[in-house]
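The next block holds one structure in the form of structure tokens; read it before the comments.
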Amino acid sequence: MGLTVTDARLDGEAVGVRCAGGLIEAIGPGVGAQPGDETIDAGGAPLVAPLVNGHTHAAMTLFRGSGGDLPLMPWLEERIWPVEAKLDDEDVYWGTRLACAEMIRSGTTHFWDMYWRPGATARAVADAGIRATIGAPLFDADGDSEKLRRWAHESLEVLEPAAAENPRLRAALAPHAIYTVSEGSLRWIAELGAERGLPIQIHLSETAPEVEGCIAEHGERPAPYLDRLGMLNERALLAHGVWLDPEELALVAARGATVVSNPVANMKLAVGGVFPYPAARAAGVAVGLGTDGAGSNDSLDLLADLKHFALAQKHAAADPTALEAAEAWAVATGARAPLLGAIPLAAGEPADFLLLRAAAPEIGIGDLTEDLVYAATGSVVDTTVVAGEVLMRGGEIPGLDEVVARAAERAHRLGL
Ligand SMILES: [Zn+2]
């Protein structure tokens, strides 16, 4: 028994999609249901590949609407870190369930996460049915690198069995940033990642002071610093990269690392620069798109952020061709970064896809990709399918009311 979608539109053509065993078994004109299949009549709705949110802190939905006008460090030090010290598993579970619901509603089927209590995140991801790559944040700004190592091992002891049980989940390491993790610990994390073949997510080159601090302390810019510590490779995901210079972009490209741009979080925290996408593309850097946490965005609607990404690039370059719609869309689906795991619409691939609302006013006229990038938000998504499982149909996610209510309760408990 599988899932079959009929009468969807792909590149203007009426197609069917049959899914079995979590994969697309057949896609194209004339593909129909087998006896016993669950069926969806798409009614002419556009069929598109899903989005990959390359950087977030899912449970920070609990912090939405709190300290929204503060600069980065006062926001972290006054609003975020004191409350994070009080978080328990149920807070993270319901905050993540809320984030998953929001991402499923707006067309994301895989997100890269860095947050506390990763076991609770893994449980929420499994219950929501979405895909995630999860790493616990690693810090040793207090000088206690032994504690960092214990915490890294403890988090992997939770995440690796969870990933073995749930094929939609992947374990990662997540050193927070070069200014919150010591040189020795970064080197140790790079070695652990290499030993276990784990992706490593890190915030890098988000603000100009971070770059200045790196030069003052280590005598080099952030990318060569990470490279010297063995962390710059094809398993590395660098969130932000706003201040990477041309030499750093060439180095990141040569090592095969991925940069995930988070344009809305960068603008909200007013970092004062724009990720240099045209130079990154010219250098051959793998690039993805992320929302960052809801605490600094405040939305997890990657489709809405895609417009900001494209417009920020055009504006910064004073050139409307600096990032064209088809290229922006490719970045948002993960197709410009092998590490992110883009899922193409093709037989034999995982059965992850979206059906858009056939009657959505934003996408009915003109080129669909241009409409998606410049006119749409996540509200145009009607149906979200992951591994052949329907997570949302007709804009409805089963159990959403409870998720919203429980997450609000948890935020209230924390005094947010
Ligand atoms: Zn972040």
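Each chain in the structure tokens gets a letter, A, B and so on, in the order shown; residues start at 1 in every chain, and ligands are counted from 1 in the order they appear.
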Problem - Sel. of alpha helix (DSSP H) residues, stretch 138-289 of chain A, as a ChimeraX atom specification - result: /A:145-165,183-196,208-218,222-228,246-255,263-268,277-283
Problem - Contacts of stretch 118-125 of chain A within 8 Å, only C-alpha atoms, excl. fewer than 3 positions in-chain, as number ranges by chain - result: A: 59, 89-90, 92-94, 96-97, 100, 115, 128-132, 134-136, 155, 158-159, 162, 169
Just to be explicit: take each residue in the selection above, keep C-alpha atoms, and write the result as an mmCIF file, in the first residue's frame.
```cif
data_model
loop_
_atom_site.group_PDB
_atom_site.id
_atom_site.type_symbol
_atom_site.label_atom_id
_atom_site.label_comp_id
_atom_site.auth_asym_id
_atom_site.auth_seq_id
_atom_site.Cartn_x
_atom_site.Cartn_y
_atom_site.Cartn_z
ATOM 1 C CA ALA A 59 12.586 25.376 20.240
ATOM 2 C CA ASP A 89 12.678 18.628 28.220
ATOM 3 C CA GLU A 90 8.965 19.460 27.939
ATOM 4 C CA VAL A 92 12.060 22.028 24.270
ATOM 5 C CA TYR A 93 9.666 19.304 23.103
ATOM 6 C CA TRP A 94 6.659 21.635 22.716
ATOM 7 C CA THR A 96 10.110 22.203 18.725
ATOM 8 C CA ARG A 97 6.679 20.738 17.932
ATOM 9 C CA CYS A 100 7.884 21.716 13.143
ATOM 10 C CA TYR A 115 19.652 23.498 20.509
ATOM 11 C CA ALA A 128 5.942 15.594 13.882
ATOM 12 C CA GLY A 129 7.191 13.365 11.039
ATOM 13 C CA ILE A 130 9.602 15.951 9.599
ATOM 14 C CA ARG A 131 13.323 15.419 8.838
ATOM 15 C CA ALA A 132 16.062 17.060 10.919
ATOM 16 C CA ILE A 134 20.339 17.890 15.115
ATOM 17 C CA GLY A 135 23.369 18.995 17.098
ATOM 18 C CA ALA A 136 23.576 20.078 20.729
ATOM 19 C CA SER A 155 24.328 14.443 23.429
ATOM 20 C CA VAL A 158 21.074 10.361 22.873
ATOM 21 C CA LEU A 159 21.143 11.467 19.225
ATOM 22 C CA ALA A 162 17.532 8.211 18.005
ATOM 23 C CA LEU A 169 16.873 12.100 11.769
#
```
Practice task
Select from stretch 191-316 of chain A everything DSSP, run on the backbone, classes as strand (DSSP E or B), then give the selection as a ChimeraX atom specification.
Solution key: /A:200-204,236-240,258-261,286-289
Handout entry: Exercise answer, 8 Å around ligand 1 with only C-alpha atoms and all ligand atoms, as a PyMOL selection string
Key = chain A and resi 55-57+114+203+239+292-293
Problem - Which of A:Ala283, A:Leu51, A:Leu400, A:Ala14 sits closest to A:Ala99 [using only C-alpha atoms] - result: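 Checking each candidate against A:Ala99, we get A:Leu400 as the closest.
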Exercise for the section: Check the smallest atom-to-atom distance from each of A:Thr133, A:Ser106, A:Thr258, A:Ser145 to A:Ser185 using only C-alpha atoms, then report the winner. Expected result: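 Closest candidate: A:Ser145.
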Practice task
Using atom CA of A:Thr109 and atom CA of A:Gly67 as the two end points, give the distance in Å to one decimal.
Solution key: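 These atoms are spaced 28.7 Å apart.
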Shell around A:Pro276 at 8 Å using only C-alpha atoms, local window under 5 positions removed, as a JSON list (two decimals) with all heavy atoms, in the first residue's frame:
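Writing the result to around.json gives the following:
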```json
[["chain", "number", "residue", "atom", "x", "y", "z"],
["A", 242, "VAL", "N", 28.49, 36.30, 6.76],
["A", 242, "VAL", "CA", 28.24, 37.65, 6.22],
["A", 242, "VAL", "C", 29.54, 38.36, 5.85],
["A", 242, "VAL", "O", 29.61, 39.07, 4.85],
["A", 242, "VAL", "CB", 27.45, 38.48, 7.26],
["A", 242, "VAL", "CG1", 27.34, 39.95, 6.84],
["A", 242, "VAL", "CG2", 26.08, 37.89, 7.49],
["A", 243, "TRP", "N", 30.58, 38.15, 6.68],
["A", 243, "TRP", "CA", 31.81, 38.95, 6.52],
["A", 243, "TRP", "C", 32.95, 38.15, 5.91],
["A", 243, "TRP", "O", 34.11, 38.57, 5.99],
["A", 243, "TRP", "CB", 32.22, 39.54, 7.88],
["A", 243, "TRP", "CG", 31.11, 40.37, 8.44],
["A", 243, "TRP", "CD1", 30.15, 39.98, 9.32],
["A", 243, "TRP", "CD2", 30.79, 41.71, 8.08],
["A", 243, "TRP", "NE1", 29.26, 40.99, 9.55],
["A", 243, "TRP", "CE2", 29.63, 42.07, 8.80],
["A", 243, "TRP", "CE3", 31.37, 42.65, 7.22],
["A", 243, "TRP", "CZ2", 29.04, 43.33, 8.69],
["A", 243, "TRP", "CZ3", 30.78, 43.90, 7.11],
["A", 243, "TRP", "CH2", 29.64, 44.23, 7.84],
["A", 244, "LEU", "N", 32.65, 37.01, 5.28],
["A", 244, "LEU", "CA", 33.71, 36.24, 4.61],
["A", 244, "LEU", "C", 34.29, 37.07, 3.47],
["A", 244, "LEU", "O", 33.53, 37.61, 2.64],
["A", 244, "LEU", "CB", 33.16, 34.92, 4.07],
["A", 244, "LEU", "CG", 32.70, 33.90, 5.12],
["A", 244, "LEU", "CD1", 31.96, 32.73, 4.47],
["A", 244, "LEU", "CD2", 33.89, 33.39, 5.94],
["A", 313, "GLN", "N", 20.24, 40.55, -1.88],
["A", 313, "GLN", "CA", 21.36, 40.38, -2.81],
["A", 313, "GLN", "C", 21.30, 41.39, -3.94],
["A", 313, "GLN", "O", 22.31, 41.99, -4.33],
["A", 313, "GLN", "CB", 21.37, 38.94, -3.36],
["A", 313, "GLN", "CG", 21.70, 37.90, -2.30],
["A", 313, "GLN", "CD", 23.07, 38.10, -1.67],
["A", 313, "GLN", "OE1", 23.98, 38.62, -2.29],
["A", 313, "GLN", "NE2", 23.21, 37.69, -0.42]]
```
Residues within 12 Å of A:Trp75, please, as a PDB file with all heavy atoms, in the first residue's frame. Count only C-alpha atoms; anything in the same chain fewer than 6 positions from it doesn't count.
```pdb
ATOM      1  N   PHE A  63      10.737  31.828  22.455  1.00  0.00           N
ATOM      2  CA  PHE A  63      11.290  33.168  22.696  1.00  0.00           C
ATOM      3  C   PHE A  63      10.758  34.202  21.703  1.00  0.00           C
ATOM      4  O   PHE A  63      11.189  35.345  21.717  1.00  0.00           O
ATOM      5  CB  PHE A  63      12.817  33.146  22.595  1.00  0.00           C
ATOM      6  CG  PHE A  63      13.477  32.328  23.662  1.00  0.00           C
ATOM      7  CD1 PHE A  63      13.690  30.977  23.485  1.00  0.00           C
ATOM      8  CD2 PHE A  63      13.874  32.913  24.845  1.00  0.00           C
ATOM      9  CE1 PHE A  63      14.308  30.219  24.466  1.00  0.00           C
ATOM     10  CE2 PHE A  63      14.492  32.165  25.844  1.00  0.00           C
ATOM     11  CZ  PHE A  63      14.705  30.808  25.658  1.00  0.00           C
ATOM     12  N   GLY A  65       8.880  37.055  19.978  1.00  0.00           N
ATOM     13  CA  GLY A  65       8.217  38.236  20.528  1.00  0.00           C
ATOM     14  C   GLY A  65       8.810  38.692  21.848  1.00  0.00           C
ATOM     15  O   GLY A  65       8.138  39.326  22.647  1.00  0.00           O
ATOM     16  N   SER A  66      10.089  38.370  22.085  1.00  0.00           N
ATOM     17  CA  SER A  66      10.708  38.742  23.365  1.00  0.00           C
ATOM     18  C   SER A  66      12.056  39.399  23.107  1.00  0.00           C
ATOM     19  O   SER A  66      12.990  38.742  22.673  1.00  0.00           O
ATOM     20  CB  SER A  66      10.874  37.477  24.205  1.00  0.00           C
ATOM     21  OG  SER A  66      11.454  37.785  25.441  1.00  0.00           O
ATOM     22  N   GLY A  67      12.164  40.672  23.369  1.00  0.00           N
ATOM     23  CA  GLY A  67      13.439  41.383  23.180  1.00  0.00           C
ATOM     24  C   GLY A  67      13.746  41.630  21.720  1.00  0.00           C
ATOM     25  O   GLY A  67      14.914  41.700  21.324  1.00  0.00           O
ATOM     26  N   GLY A  68      12.706  41.792  20.927  1.00  0.00           N
ATOM     27  CA  GLY A  68      12.865  41.882  19.477  1.00  0.00           C
ATOM     28  C   GLY A  68      13.625  43.094  18.978  1.00  0.00           C
ATOM     29  O   GLY A  68      14.008  43.134  17.818  1.00  0.00           O
ATOM     30  N   ASP A  69      13.845  44.082  19.837  1.00  0.00           N
ATOM     31  CA  ASP A  69      14.530  45.282  19.364  1.00  0.00           C
ATOM     32  C   ASP A  69      15.917  45.458  19.977  1.00  0.00           C
ATOM     33  O   ASP A  69      16.531  46.512  19.857  1.00  0.00           O
ATOM     34  CB  ASP A  69      13.660  46.515  19.641  1.00  0.00           C
ATOM     35  CG  ASP A  69      12.338  46.431  18.900  1.00  0.00           C
ATOM     36  OD1 ASP A  69      12.327  45.924  17.760  1.00  0.00           O
ATOM     37  OD2 ASP A  69      11.309  46.840  19.456  1.00  0.00           O
ATOM     38  N   TRP A  81      19.970  33.720  27.402  1.00  0.00           N
ATOM     39  CA  TRP A  81      20.745  32.776  28.217  1.00  0.00           C
ATOM     40  C   TRP A  81      20.154  32.560  29.624  1.00  0.00           C
ATOM     41  O   TRP A  81      20.103  31.410  30.088  1.00  0.00           O
ATOM     42  CB  TRP A  81      22.234  33.191  28.223  1.00  0.00           C
ATOM     43  CG  TRP A  81      22.894  32.961  26.876  1.00  0.00           C
ATOM     44  CD1 TRP A  81      22.442  32.133  25.876  1.00  0.00           C
ATOM     45  CD2 TRP A  81      24.110  33.554  26.384  1.00  0.00           C
ATOM     46  NE1 TRP A  81      23.300  32.190  24.790  1.00  0.00           N
ATOM     47  CE2 TRP A  81      24.330  33.040  25.072  1.00  0.00           C
ATOM     48  CE3 TRP A  81      25.030  34.457  26.903  1.00  0.00           C
ATOM     49  CZ2 TRP A  81      25.438  33.410  24.290  1.00  0.00           C
ATOM     50  CZ3 TRP A  81      26.129  34.816  26.131  1.00  0.00           C
ATOM     51  CH2 TRP A  81      26.328  34.302  24.845  1.00  0.00           C
ATOM     52  N   PRO A  82      19.660  33.627  30.326  1.00  0.00           N
ATOM     53  CA  PRO A  82      19.084  33.350  31.661  1.00  0.00           C
ATOM     54  C   PRO A  82      17.858  32.428  31.598  1.00  0.00           C
ATOM     55  O   PRO A  82      17.676  31.591  32.478  1.00  0.00           O
ATOM     56  CB  PRO A  82      18.677  34.746  32.174  1.00  0.00           C
ATOM     57  CG  PRO A  82      19.465  35.714  31.360  1.00  0.00           C
ATOM     58  CD  PRO A  82      19.683  35.068  30.027  1.00  0.00           C
ATOM     59  N   VAL A  83      17.040  32.573  30.565  1.00  0.00           N
ATOM     60  CA  VAL A  83      15.843  31.721  30.451  1.00  0.00           C
ATOM     61  C   VAL A  83      16.237  30.324  30.004  1.00  0.00           C
ATOM     62  O   VAL A  83      15.690  29.324  30.486  1.00  0.00           O
ATOM     63  CB  VAL A  83      14.806  32.342  29.480  1.00  0.00           C
ATOM     64  CG1 VAL A  83      13.580  31.446  29.368  1.00  0.00           C
ATOM     65  CG2 VAL A  83      14.411  33.733  29.950  1.00  0.00           C
ATOM     66  N   LYS A 268      17.326  41.546  11.055  1.00  0.00           N
ATOM     67  CA  LYS A 268      16.638  41.878  12.307  1.00  0.00           C
ATOM     68  C   LYS A 268      17.649  42.254  13.381  1.00  0.00           C
ATOM     69  O   LYS A 268      17.437  43.192  14.160  1.00  0.00           O
ATOM     70  CB  LYS A 268      15.775  40.704  12.773  1.00  0.00           C
ATOM     71  CG  LYS A 268      14.990  41.037  14.030  1.00  0.00           C
ATOM     72  CD  LYS A 268      13.714  40.249  14.145  1.00  0.00           C
ATOM     73  CE  LYS A 268      12.878  40.750  15.312  1.00  0.00           C
ATOM     74  NZ  LYS A 268      13.126  40.005  16.543  1.00  0.00           N
ATOM     75  N   LEU A 269      18.781  41.523  13.426  1.00  0.00           N
ATOM     76  CA  LEU A 269      19.818  41.843  14.408  1.00  0.00           C
ATOM     77  C   LEU A 269      20.752  42.947  13.885  1.00  0.00           C
ATOM     78  O   LEU A 269      21.682  43.344  14.575  1.00  0.00           O
ATOM     79  CB  LEU A 269      20.605  40.591  14.775  1.00  0.00           C
ATOM     80  CG  LEU A 269      19.799  39.564  15.597  1.00  0.00           C
ATOM     81  CD1 LEU A 269      20.493  38.225  15.672  1.00  0.00           C
ATOM     82  CD2 LEU A 269      19.524  40.081  17.002  1.00  0.00           C
ATOM     83  N   GLY A 295      13.618  33.181  17.741  1.00  0.00           N
ATOM     84  CA  GLY A 295      13.945  34.291  18.627  1.00  0.00           C
ATOM     85  C   GLY A 295      14.565  35.466  17.893  1.00  0.00           C
ATOM     86  O   GLY A 295      14.455  36.612  18.316  1.00  0.00           O
ATOM     87  N   SER A 296      15.212  35.214  16.762  1.00  0.00           N
ATOM     88  CA  SER A 296      15.873  36.306  16.042  1.00  0.00           C
ATOM     89  C   SER A 296      15.382  36.413  14.601  1.00  0.00           C
ATOM     90  O   SER A 296      16.131  36.789  13.716  1.00  0.00           O
ATOM     91  CB  SER A 296      17.399  36.102  16.062  1.00  0.00           C
ATOM     92  OG  SER A 296      17.763  34.882  15.464  1.00  0.00           O
TER      93      SER A 296
END
```
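One finds atom CA of A:Arg281 at 13.3 Å from atom CA of A:Thr321.
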Problem - Of the listed residues A:Ala101, A:Ala375, A:Arg221, A:Ala257, that which approaches A:Glu402 most closely, counting only C-alpha atoms - result: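 Result for the nearest residue to A:Glu402: A:Ala101.
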Handout entry: All residues 10 Å or closer to A:Ile397, only C-alpha atoms, same chain fewer than 3 positions away omitted, as a PyMOL selection string
Key = chain A and resi 101-102+104-105+128+383-384+390-394+400-401
Exercise for the section: Extract, using only C-alpha atoms, all DNA, RNA and protein residues at most 12 Å from A:Gly44, discarding same-chain residues fewer than 3 positions from it, and format them as a list in words. Expected result: Val5, Thr6, Asp7, Ala8, Arg9, Leu10, Asp11, Gly12, Glu13, Ala14, Val15, Gly16, Ile40, Asp41, Leu47, Leu355, Leu356, Arg357, Ala358, Ala359 and Gly364 of chain A
Exercise for the section: Provide the atom CA of A:Glu206 to atom CA of A:Pro175 distance in Å, to one decimal place. Expected result: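 Atom-to-atom, atom CA of A:Glu206 and atom CA of A:Pro175 are spaced 14.4 Å apart.
For A:Leu300, the residues within 7 Å (counting only C-alpha atoms, excluding itself and residues fewer than 4 positions away along the chain) are A:Glu102, A:Met103, A:Thr291, A:Ala294.
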Practice task
Could you check which of A:Ala49, A:Ala318, A:Ala387, A:Ala58 is closest to A:Gly21, using only C-alpha atoms?
Solution key: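 Among the listed residues, the smallest separation from A:Gly21 belongs to A:Ala387.
When only C-alpha atoms are used to measure the gap to A:Val380, the shortest distance among A:Glu362, A:Asp113, A:Glu160, A:Glu25 belongs to A:Glu362.
Candidate residues A:Ala45, A:Glu248, A:Gly95, A:Gly2 were compared for distance to A:His412, and the nearest is A:Gly95, using only C-alpha atoms.
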